[in-house]
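Each remark here refers to the structure printed beneath this line.
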Amino acid sequence: MKADLFQAPDYYQTDDLLTDEHKLVRDTAREWVKKNLSPIIEDASQEAKFPIQLLEGLAEVGAFGSYIPTEYGGAGLDQISYGLIMQELERGDSGIRSTASVQSSLVMGPIYNYGNEAQRKKYLPKLASGEWMGSFGLTEPNHGSNPAGMETKFKDMGDYYLLNGAKMWISNAPICDVAVVWAKNEEGRIHGLLVERGMEGFSTPETHNKWSLRASITGELIFDNVKIPKENLLPNKSGLGAPLLCLDAARYGIAWGAIGAAMDCYDTALRYAKERTQFGKPIGQFQLQQKKLAEMITEITKAQLLTWRLGVLKNEGRATSAQISMAKRNNVDMAIKIAREARQILGAMGISGEYSIMRHSMNLESVITYEGTHDVHLLITGLDITGLNAFK
């Protein structure tokens, strides 16, 4: 078991932009990752096994519903604190960050924002403590980037709703106790439904044979004439905008998380470049290796400043969907490029499980696609600056 020697880069002293509370939250998450996640994550990834024993600890560091008010079991933190927790978790592993961001932004978020008081009190405390896990059902076998085309539907049967359809590529699905499922009613209007484990006709088969996010648990949500109590419909928002606003919150967390993965790859490559000798000197003394490392820290620094500013706007309620898309796209692209360059600095050792780089690289291949692909986010920015819709 290799020691976690990670030292976070802060080239522009961005810590000065954080409050004492922000730094305490981040450092608590960082130490938890070093103590509990780093020692087991390589084996978990190699074995494609989700480390379910970490759920209690994730709850304790505020990873589940960090910005949900304390009256519902959340930590009552601000958006920058949430982002910093996601950064530290993804520094450990993108799959573990996915578990937390789905729970927070895609399950607890819509229940808090779109649910009624009874739903908040029933579900949020259990989700915040990790007693219950949640999943978010939007993506379908035939509809990924076009969620408006969803085929999952429900009918009003008088005393209950009858739900039919399927969702796929759903994080946390095989272990979820409740799923926030988006489906069309008989008029074609999209609504959120709370589907609980144990409802007849509801199944969650696991997705196997992944080369990415191997320590994350992924599956399907299948609905075969599932009877949904009417009190399980989220009453306060409907239409496609409802799930898309949830995705904004999750994409915001990804923008922070990707910085963590990039930091880890950079820190690993920098340390290796100082220690590895070839031709009688450390490889970090060669110009081409310095070029790689200098470009890495430049891109990380730019992403830190971009995301911090986005966090300020988010705290003020002024962050737009397009701004969030820009940060998600930029930061994940930055991270995956750094992972690839870091792998080259390590040479053949870069593919070894002794180091985290190849695992990050494989994970980021999923992160660059999910919750809005790299190209779709580019078109969101294009629409925002031109007013011309390339999606139609």
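By order of appearance in the structure tokens: chains A, B, ..., then residues from 1 within every chain, and ligands from 1 in the order shown.
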
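Within the 9 Å cut-off around Ala8 of chain A, using only C-alpha atoms and omitting residues fewer than 6 positions from it on the same chain, the listed residues are Gly260, Met263, Asp264 and Asp267 of chain A.
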
Selection to disk with N, CA and C atoms, as a short mmCIF file (atom, residue, chain, number, x, y, z; two decimals), in the first residue's frame:
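Heads up, here's the output in selection_14.cif:
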data_model
loop_
_atom_site.label_atom_id
_atom_site.label_comp_id
_atom_site.auth_asym_id
_atom_site.auth_seq_id
_atom_site.Cartn_x
_atom_site.Cartn_y
_atom_site.Cartn_z
N GLY A 260 -9.60 18.46 -9.04
CA GLY A 260 -8.96 17.52 -8.13
C GLY A 260 -8.22 16.42 -8.86
N MET A 263 -5.11 17.95 -10.38
CA MET A 263 -4.11 18.19 -9.34
C MET A 263 -3.35 16.92 -8.98
N ASP A 264 -4.07 15.83 -8.86
CA ASP A 264 -3.43 14.58 -8.47
C ASP A 264 -2.46 14.10 -9.54
N ASP A 267 0.59 16.51 -9.50
CA ASP A 267 1.43 16.30 -8.33
C ASP A 267 2.24 15.01 -8.46
#

Original post:
What's the 7 Å shell around segment 369-385 of chain A, counting only C-alpha atoms, without same-chain residues fewer than 3 positions away, as a PyMOL selection string?
Top reply: chain A and resi 145+247+251+322+325-326+329+365-366+388-390

Original post:
Could you pull out the strand (DSSP E) residues of segment 118-289 of chain A from DSSP and send them as a ChimeraX atom specification?
Top reply: /A:134-137,153-156,160-171,178-184,190-196,202-203,218-229,277-278,281-282

How about saving the chosen residues, C-alpha atoms kept, as a compact mmCIF listing (two decimals), in the first residue's frame?
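Done, and the output landed in again-v8.txt:
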# COMPACT_ATOMS: atom_id res chain seq x y z
CA GLY A 134 -30.43 7.77 -4.23
CA SER A 135 -30.18 7.76 -8.01
CA PHE A 136 -31.34 10.06 -10.81
CA GLY A 137 -33.22 8.62 -13.75
CA LYS A 153 -44.22 7.42 -19.27
CA PHE A 154 -46.78 7.32 -16.47
CA LYS A 155 -50.58 7.20 -16.45
CA ASP A 156 -53.02 8.50 -13.87
CA TYR A 160 -51.97 5.95 -8.17
CA TYR A 161 -49.71 6.49 -11.18
CA LEU A 162 -48.60 3.59 -13.37
CA LEU A 163 -44.99 3.95 -14.53
CA ASN A 164 -43.37 2.15 -17.48
CA GLY A 165 -40.00 2.58 -19.17
CA ALA A 166 -36.26 2.28 -18.55
CA LYS A 167 -33.23 4.42 -17.73
CA MET A 168 -29.59 3.47 -18.23
CA TRP A 169 -26.07 4.57 -17.22
CA ILE A 170 -27.44 5.47 -13.80
CA SER A 171 -24.90 6.01 -11.02
CA VAL A 178 -35.03 5.88 -3.87
CA ALA A 179 -34.76 7.09 -7.45
CA VAL A 180 -35.77 10.51 -8.74
CA VAL A 181 -37.25 9.47 -12.08
CA TRP A 182 -38.25 11.79 -14.88
CA ALA A 183 -41.17 10.64 -17.01
CA LYS A 184 -43.87 12.04 -19.28
CA ILE A 190 -42.22 15.83 -17.84
CA HIS A 191 -42.55 15.30 -14.09
CA GLY A 192 -40.33 13.94 -11.34
CA LEU A 193 -41.46 10.82 -9.46
CA LEU A 194 -39.94 9.27 -6.34
CA VAL A 195 -39.61 5.53 -6.92
CA GLU A 196 -38.66 3.47 -3.89
CA PHE A 202 -39.04 -1.82 -10.16
CA SER A 203 -35.60 -3.37 -10.78
CA THR A 218 -23.69 1.89 -12.31
CA GLY A 219 -26.89 0.30 -13.49
CA GLU A 220 -30.30 0.58 -15.06
CA LEU A 221 -33.69 1.58 -13.69
CA ILE A 222 -36.46 -0.57 -15.14
CA PHE A 223 -40.15 0.13 -14.58
CA ASP A 224 -42.65 -2.57 -15.46
CA ASN A 225 -46.13 -1.36 -14.47
CA VAL A 226 -44.82 0.18 -11.26
CA LYS A 227 -47.55 1.64 -9.07
CA ILE A 228 -46.41 5.02 -7.75
CA PRO A 229 -48.35 6.63 -4.88
CA THR A 277 16.91 10.03 -13.39
CA GLN A 278 17.94 9.40 -17.00
CA LYS A 281 20.04 13.84 -14.21
CA PRO A 282 16.39 14.06 -13.08

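When only C-alpha atoms are used to measure the gap to Tyr355 of chain A, the shortest distance among A:Lys49, A:Arg343, A:Arg189, A:Lys314 belongs to A:Arg343.
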
Subject >> Close residues, segment 67-74 of chain A itself excluded, 7 Å, only C-alpha atoms, min 5 positions apart in chain, as a list in words >> reply: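 Here the answer would be Gln79, Tyr82, Arg120, Lys121, Leu124, Pro125 and Ala128 of chain A.
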
Original post:
Ala100 of chain A: which residues within 9 Å, counting only C-alpha atoms, same-chain residues fewer than 3 positions away excluded, as a ChimeraX atom specification?
Top reply: /A:55,58-59,63-65,86,89,95-97,103-105

Original post:
Among segment 173-305 of chain A, which residues carry a DSSP assignment of helix (DSSP H, G or I), reported as a ChimeraX atom specification?
Top reply: /A:173-175,230-232,241-275,283-285,287-305

Any chance you could export the current selection's C-alpha atoms as a PDB file, in the first residue's frame?
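As written to disk, selection.pdb reads:
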ATOM      1  CA  ALA A 173     -28.790   2.533  -9.315  1.00  0.00           C
ATOM      2  CA  PRO A 174     -28.021  -0.971  -7.985  1.00  0.00           C
ATOM      3  CA  ILE A 175     -27.814   0.276  -4.382  1.00  0.00           C
ATOM      4  CA  LYS A 230     -49.615  10.038  -5.881  1.00  0.00           C
ATOM      5  CA  GLU A 231     -47.797  11.645  -2.953  1.00  0.00           C
ATOM      6  CA  ASN A 232     -44.524  10.578  -4.631  1.00  0.00           C
ATOM      7  CA  GLY A 241     -36.329  22.626 -17.222  1.00  0.00           C
ATOM      8  CA  ALA A 242     -36.731  20.763 -13.933  1.00  0.00           C
ATOM      9  CA  PRO A 243     -34.182  17.982 -14.575  1.00  0.00           C
ATOM     10  CA  LEU A 244     -31.927  20.376 -16.486  1.00  0.00           C
ATOM     11  CA  LEU A 245     -31.645  22.641 -13.443  1.00  0.00           C
ATOM     12  CA  CYS A 246     -30.628  19.572 -11.436  1.00  0.00           C
ATOM     13  CA  LEU A 247     -27.932  18.894 -14.007  1.00  0.00           C
ATOM     14  CA  ASP A 248     -26.666  22.460 -13.604  1.00  0.00           C
ATOM     15  CA  ALA A 249     -25.990  21.746  -9.930  1.00  0.00           C
ATOM     16  CA  ALA A 250     -24.221  18.491 -10.731  1.00  0.00           C
ATOM     17  CA  ARG A 251     -22.184  20.002 -13.565  1.00  0.00           C
ATOM     18  CA  TYR A 252     -21.056  22.725 -11.191  1.00  0.00           C
ATOM     19  CA  GLY A 253     -19.716  20.033  -8.851  1.00  0.00           C
ATOM     20  CA  ILE A 254     -17.986  18.294 -11.756  1.00  0.00           C
ATOM     21  CA  ALA A 255     -16.209  21.535 -12.675  1.00  0.00           C
ATOM     22  CA  TRP A 256     -14.645  21.540  -9.216  1.00  0.00           C
ATOM     23  CA  GLY A 257     -14.085  17.786  -9.144  1.00  0.00           C
ATOM     24  CA  ALA A 258     -12.111  17.719 -12.384  1.00  0.00           C
ATOM     25  CA  ILE A 259      -9.594  20.114 -10.842  1.00  0.00           C
ATOM     26  CA  GLY A 260      -8.965  17.518  -8.133  1.00  0.00           C
ATOM     27  CA  ALA A 261      -8.186  14.805 -10.678  1.00  0.00           C
ATOM     28  CA  ALA A 262      -5.880  17.191 -12.559  1.00  0.00           C
ATOM     29  CA  MET A 263      -4.110  18.194  -9.335  1.00  0.00           C
ATOM     30  CA  ASP A 264      -3.434  14.576  -8.470  1.00  0.00           C
ATOM     31  CA  CYS A 265      -1.989  13.798 -11.902  1.00  0.00           C
ATOM     32  CA  TYR A 266       0.169  16.930 -11.853  1.00  0.00           C
ATOM     33  CA  ASP A 267       1.428  16.301  -8.325  1.00  0.00           C
ATOM     34  CA  THR A 268       2.296  12.700  -9.189  1.00  0.00           C
ATOM     35  CA  ALA A 269       4.101  13.706 -12.393  1.00  0.00           C
ATOM     36  CA  LEU A 270       6.013  16.546 -10.693  1.00  0.00           C
ATOM     37  CA  ARG A 271       7.250  14.297  -7.908  1.00  0.00           C
ATOM     38  CA  TYR A 272       8.228  11.571 -10.365  1.00  0.00           C
ATOM     39  CA  ALA A 273      10.061  14.058 -12.627  1.00  0.00           C
ATOM     40  CA  LYS A 274      12.207  15.178  -9.694  1.00  0.00           C
ATOM     41  CA  GLU A 275      13.036  11.633  -8.604  1.00  0.00           C
ATOM     42  CA  ILE A 283      14.035  13.998 -16.057  1.00  0.00           C
ATOM     43  CA  GLY A 284      12.467  17.180 -14.661  1.00  0.00           C
ATOM     44  CA  GLN A 285      15.630  18.958 -15.736  1.00  0.00           C
ATOM     45  CA  GLN A 287      13.168  21.123 -21.266  1.00  0.00           C
ATOM     46  CA  LEU A 288      10.349  19.004 -22.709  1.00  0.00           C
ATOM     47  CA  GLN A 289       9.360  17.705 -19.279  1.00  0.00           C
ATOM     48  CA  GLN A 290       9.425  21.220 -17.838  1.00  0.00           C
ATOM     49  CA  LYS A 291       7.214  22.354 -20.730  1.00  0.00           C
ATOM     50  CA  LYS A 292       4.651  19.676 -19.847  1.00  0.00           C
ATOM     51  CA  LEU A 293       4.680  20.510 -16.148  1.00  0.00           C
ATOM     52  CA  ALA A 294       4.571  24.286 -16.715  1.00  0.00           C
ATOM     53  CA  GLU A 295       1.561  23.926 -19.007  1.00  0.00           C
ATOM     54  CA  MET A 296      -0.168  21.670 -16.476  1.00  0.00           C
ATOM     55  CA  ILE A 297       0.121  24.124 -13.600  1.00  0.00           C
ATOM     56  CA  THR A 298      -0.953  26.984 -15.881  1.00  0.00           C
ATOM     57  CA  GLU A 299      -4.147  25.184 -16.878  1.00  0.00           C
ATOM     58  CA  ILE A 300      -4.904  24.102 -13.310  1.00  0.00           C
ATOM     59  CA  THR A 301      -4.480  27.692 -12.115  1.00  0.00           C
ATOM     60  CA  LYS A 302      -6.806  29.024 -14.819  1.00  0.00           C
ATOM     61  CA  ALA A 303      -9.408  26.414 -13.867  1.00  0.00           C
ATOM     62  CA  GLN A 304      -9.104  27.290 -10.168  1.00  0.00           C
ATOM     63  CA  LEU A 305      -9.802  30.950 -10.864  1.00  0.00           C
TER      64      LEU A 305
END

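Distances to Lys34 of chain A were evaluated for A:Asp16, A:Glu60, A:Glu206, A:Asp4 using only C-alpha atoms, and the minimum falls at A:Asp4.
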
**OP:** Write out as a PyMOL selection string each polymer residue whose atoms come within 9 Å of Asn315 of chain A, counting only C-alpha atoms; drop sequence neighbours fewer than 4 positions from it.
**Re:** chain A and resi 78-80+310-311+319

Original post:
Taking into account only C-alpha atoms, which residue in the set A:Ser238, A:Asn209, A:Thr307, A:Asn113 is nearest to Gly83 of chain A?
Top reply: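 Ranked by minimum distance to Gly83 of chain A, first place goes to A:Thr307.
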
**OP:** Record the distance separating atom CA of Asp177 of chain A and atom CA of Arg197 of chain A, expressed in Å with one decimal.
**Re:**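 Going from atom CA of Asp177 of chain A over to atom CA of Arg197 of chain A covers 4.9 Å.
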